[in-house]
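Enquirer: Pasting a structure here, questions to come.
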Amino acid sequence: MNAFTYARATDVADALRHGGEIDAKYLGGGTNLVDLMRENLERPSALVDVTNLSSEIMEREDGSILIGAAARNTAVAENRAIRTRYPLLARAILAGASGQIRNMATVGGNLLQRTRCTYFYDDDGSRCNKRNPGQGCDAIEGFNRIHAILGASTSCVATHPSDMCVALAALDAMVHVTGSQGQRIRALTDLHLLPGDHPEIETTLAPGELITAVELPVLPFARHSIYRKVRDRASYAFALVSVAAAMELEIGVVKDVRLALGGVAHKPWRALKLEALLRGRPATNESFLAAANEELTDAKPLSHNGFKVELAKRTIVAVLAELAGGVA
Ligand SMILES: Cc1cc2nc3c(=O)[nH]c(=O)nc-3n(C[C@H](O)[C@H](O)[C@H](O)COP(=O)(O)OP(=O)(O)OC[C@H]3O[C@@H](n4cnc5c(N)ncnc54)[C@H](O)[C@@H]3O)c2cc1C
Ligand code: SF4
């Protein structure tokens, strides 16, 4: 591990002042960043601890909820308003990591945790374009069982590991960001990037920008929502495929639906094609399967992860059928 300085920010301005230094990194719970520093994959010269900034979870007058970026994952999952109004978010968080890690991990850090691609971590023996741009990617021809089937490139096939972000993508969550250019609010779905030719650039954040909050817009039918995570073990494992969905029905017809997939792409994958196809259709397993097929049309499985295409379709159908009151 390299030498680094440590400062605990007292407010947002203080955080930005320190965070603007070259090679500075914000520190949330440290459950991902410190691991990566131990592995020498992250080498910040300065750590700016932002856990003293807002951790408030506030219901606003318009009905939206604002979650301070320093809120711990456990606090979000246990919050009464979130559990009742956005159960898919509480369930997504509880499906991730362990109780101890969720007690430490913050919302800001969860959004920016890095991929679990095993070749990315193997600094001694593997080539990785994310770690060393231009070096090549050993996952593409290697053991790529956990890798992406949607939106990948010839440079990188890594997936985004966060469960929370999949639920946030389905909910149309907004991310509040502050930097030297002032404050911005952007859709969560615009925060993470697909890999393209530059997998080392993972988000649309500018250097030194700080995530200050996540906003959950009003979505009444999200009371009726599910997060289902399919993984190799019942706990302590990242998603092979996950589905976050909320659906509104009117006399057996899909009035509205929000659905996002995890474990399949470099970013939480909002299923816009599926949603467009389902609106106005009867809420039947045939409609759900047709929409799942449409969403997965462009899937490009690798040598070891072809099973994810079928797994994603089946999980989508099962989740939507459950939301519709039946069982697929
Ligand atoms: C054994 C293990 C199992 C896990 N399993 C799962 C799982 O199943 N599902 C899942 O979703 N996650 C899982 N995780 C990952 C865990 O959720 C993340 O490590 C955690 O959410 C990161 O949050 P943190 O606050 O500790 O972030 P940190 O490690 O402190 O930071 C992560 C990144 O975010 C940046 N950052 C932090 N706060 C801000 C901010 N406010 N603004 C800008 N940048 C910021 C940091 O600079 C760093 O780059 C697991 C982790 C471990 C160790
Ligand atoms: S998939 Fe991406 S993260 Fe994994 S080795 Fe290839 S370039 Fe690196």
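Convention: chains lettered A, B, ... in structure tokens order; per-chain residue numbering from 1; ligands numbered from 1 as shown.
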Please provide as number ranges by chain all residues within 9 Å of stretch 52-64 of chain A, with the sequence filter that same-chain residues fewer than 3 positions apart are discarded (counting only C-alpha atoms).
Expert: A: 8-12, 15, 49, 67-72, 75-76, 79, 81, 106-107, 212-213, 215-219
Enquirer: Looking only at the backbone, which of the residues in stretch 100-194 of chain A does DSSP tag as strand (DSSP E), as number ranges by chain?
Expert: A: 174-179, 182-187
Enquirer: Quick one: which chain A residues come within 7 Å of ligand 1, and what is the nearest atom pair for each with the distance in Å to one decimal, counting only C-alpha atoms and all ligand atoms, rows ordered by chain and ascending number, as a tab-separated table?
Expert:
```
residue	atom	partner	partner_atom_place_in_ligand_line	distance
A:Lys25	CA	ligand 1	47 (O)	4.5
A:Tyr26	CA	ligand 1	47 (O)	3.9
A:Leu27	CA	ligand 1	30 (O)	4.2
A:Gly28	CA	ligand 1	30 (O)	3.2
A:Gly29	CA	ligand 1	26 (O)	3.3
A:Gly30	CA	ligand 1	30 (O)	3.3
A:Thr31	CA	ligand 1	26 (O)	3.7
A:Asn32	CA	ligand 1	29 (O)	3.5
A:Leu33	CA	ligand 1	29 (O)	3.7
A:Val34	CA	ligand 1	29 (O)	6.1
A:Val50	CA	ligand 1	41 (N)	6.3
A:Ala69	CA	ligand 1	41 (N)	5.3
A:Ala70	CA	ligand 1	41 (N)	6.5
A:Ile93	CA	ligand 1	11 (O)	6.8
A:Ala95	CA	ligand 1	8 (O)	6.3
A:Gly96	CA	ligand 1	8 (O)	3.4
A:Ala97	CA	ligand 1	5 (N)	3.2
A:Ser98	CA	ligand 1	3 (C)	6.6
A:Ile101	CA	ligand 1	51 (C)	6.5
A:Arg102	CA	ligand 1	17 (O)	6.7
A:Met104	CA	ligand 1	26 (O)	6.0
A:Ala105	CA	ligand 1	25 (O)	3.6
A:Thr106	CA	ligand 1	25 (O)	3.6
A:Val107	CA	ligand 1	25 (O)	6.3
A:Gly108	CA	ligand 1	38 (N)	4.1
A:Gly109	CA	ligand 1	27 (O)	3.2
A:Asn110	CA	ligand 1	21 (O)	3.2
A:Leu111	CA	ligand 1	34 (O)	6.7
A:Leu112	CA	ligand 1	34 (O)	4.2
A:Gln113	CA	ligand 1	32 (C)	4.6
A:Pro161	CA	ligand 1	11 (O)	5.6
A:Ser162	CA	ligand 1	11 (O)	3.2
A:Asp163	CA	ligand 1	11 (O)	4.0
A:Met164	CA	ligand 1	11 (O)	5.7
A:Glu209	CA	ligand 1	43 (C)	6.3
A:Leu210	CA	ligand 1	42 (N)	3.8
A:Ile211	CA	ligand 1	42 (N)	3.7
A:Thr212	CA	ligand 1	41 (N)	5.6
A:Tyr236	CA	ligand 1	3 (C)	5.4
A:Ala237	CA	ligand 1	8 (O)	5.0
A:Phe238	CA	ligand 1	8 (O)	4.1
A:Ala239	CA	ligand 1	8 (O)	6.7
```
Enquirer: Near A:Glu202, within 12 Å and counting only C-alpha atoms, which residues show up once chain neighbours fewer than 6 positions away are dropped, as number ranges by chain?
Expert: A: 111-115, 129-131, 156, 158-160, 190-196, 266-267
Enquirer: Please list as a VMD selection string every residue within 6 Å of A:Pro301, counting only C-alpha atoms and excluding residues in the same chain fewer than 4 positions away.
Expert: chain A and resid 149 305 to 306
Enquirer: Let's have the selection written as a PDB file, in the first residue's frame, with N, CA and C atoms.
Expert:
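Ended up saving to result27.pdb:
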```pdb
ATOM      1  N   ILE A 149     -23.260  -9.917 -20.759  1.00  0.00           N
ATOM      2  CA  ILE A 149     -23.870 -10.411 -22.000  1.00  0.00           C
ATOM      3  C   ILE A 149     -24.532  -9.269 -22.779  1.00  0.00           C
ATOM      4  N   ASN A 305     -20.670 -18.030 -20.395  1.00  0.00           N
ATOM      5  CA  ASN A 305     -21.829 -17.435 -19.706  1.00  0.00           C
ATOM      6  C   ASN A 305     -23.105 -17.414 -20.546  1.00  0.00           C
ATOM      7  N   GLY A 306     -23.206 -18.330 -21.527  1.00  0.00           N
ATOM      8  CA  GLY A 306     -24.427 -18.419 -22.320  1.00  0.00           C
ATOM      9  C   GLY A 306     -25.655 -18.674 -21.457  1.00  0.00           C
TER      10      GLY A 306
END
```
Enquirer: Go through the chains and note each residue within 9 Å of ligand 2, using only C-alpha atoms and all ligand atoms, then give the set as a ChimeraX atom specification.
Expert: /A:115-122,126-133,135-140,144,147-148,152,154-159,195,199-200,266
Enquirer: So what do you get for atom CA of A:Gly263 versus atom CA of A:Leu289, distance-wise?
Expert: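 Separating atom CA of A:Gly263 from atom CA of A:Leu289 is a distance of 19.4 Å.
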Enquirer: Of the residues A:Ile22, A:Ala3, A:Met174, A:Met37, which is the one nearest to A:Pro207, using only C-alpha atoms?
Expert: A:Ile22
Enquirer: Near A:Phe4, within 8 Å and counting only C-alpha atoms, which residues show up once chain neighbours fewer than 6 positions away are dropped, as number ranges by chain?
Expert: A: 44-47
Enquirer: Figure out the distance between atom CA of A:His18 and atom CA of A:Gly208, please, to one decimal in Å.
Expert: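 A separation of 8.7 Å between them.
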Enquirer: Give me, please, the distance in Å between atom CA of A:Asn2 and atom CA of A:Arg43, quoted to one decimal.
Expert: 6.1 Å
Enquirer: Tell me which protein, DNA and RNA residues are within 10 Å of A:Arg258, counting only C-alpha atoms, leaving out same-chain ones fewer than 6 positions away, and put them as an NGL selection string.
Expert: :A and (167 or 169-172 or 219 or 221-222 or 225 or 244-248 or 270-272 or 274-276)
Enquirer: Skipping near chain neighbours, those fewer than 4 positions away, what residues fall within 8 Å of stretch 317-321 of chain A using only C-alpha atoms, listed as an mmCIF file with C-alpha atoms, in the first residue's frame?
Expert:
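Below is the file that was written, selection15.cif:
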```
data_model
loop_
_atom_site.group_PDB
_atom_site.id
_atom_site.type_symbol
_atom_site.label_atom_id
_atom_site.label_comp_id
_atom_site.auth_asym_id
_atom_site.auth_seq_id
_atom_site.Cartn_x
_atom_site.Cartn_y
_atom_site.Cartn_z
ATOM 1 C CA ILE A 226 -39.580 -7.111 -6.145
ATOM 2 C CA ARG A 228 -34.668 -11.114 -7.080
ATOM 3 C CA VAL A 243 -34.016 -8.358 -11.580
ATOM 4 C CA ALA A 245 -39.128 -4.640 -11.030
ATOM 5 C CA MET A 247 -45.497 -3.079 -12.109
ATOM 6 C CA ALA A 283 -50.291 -9.334 -17.831
ATOM 7 C CA THR A 284 -49.704 -12.923 -18.901
ATOM 8 C CA ASN A 285 -46.652 -15.153 -18.959
ATOM 9 C CA PHE A 288 -43.680 -11.378 -20.112
ATOM 10 C CA LEU A 289 -41.692 -13.913 -22.135
ATOM 11 C CA ALA A 292 -37.932 -10.681 -22.022
ATOM 12 C CA LYS A 313 -35.342 -14.397 -19.291
ATOM 13 C CA GLY A 325 -50.232 -12.363 -8.754
ATOM 14 C CA GLY A 326 -49.456 -15.633 -10.510
ATOM 15 C CA VAL A 327 -46.503 -17.992 -10.493
ATOM 16 C CA ALA A 328 -44.362 -18.623 -13.573
#
```
Enquirer: Rank nothing, just name the residue among A:His198, A:His224, A:Arg38, A:Arg145 nearest to A:Phe307, using only C-alpha atoms.
Expert: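 Once distances to A:Phe307 are computed over only C-alpha atoms, the minimum belongs to A:Arg145.
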Enquirer: So that I can check the secondary structure, give me every residue of stretch 41-122 of chain A assigned alpha helix (DSSP H) by backbone DSSP, as number ranges by chain.
Expert: A: 73-78, 80-85, 87-94, 99-104, 107-111, 118-121
Enquirer: Counting only C-alpha atoms, figure out which residue out of A:Thr297, A:Ser287, A:Asn103, A:Ser242 gets nearest to A:Ala324.
Expert: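 Among the listed residues, A:Ser287 lies closest to A:Ala324.
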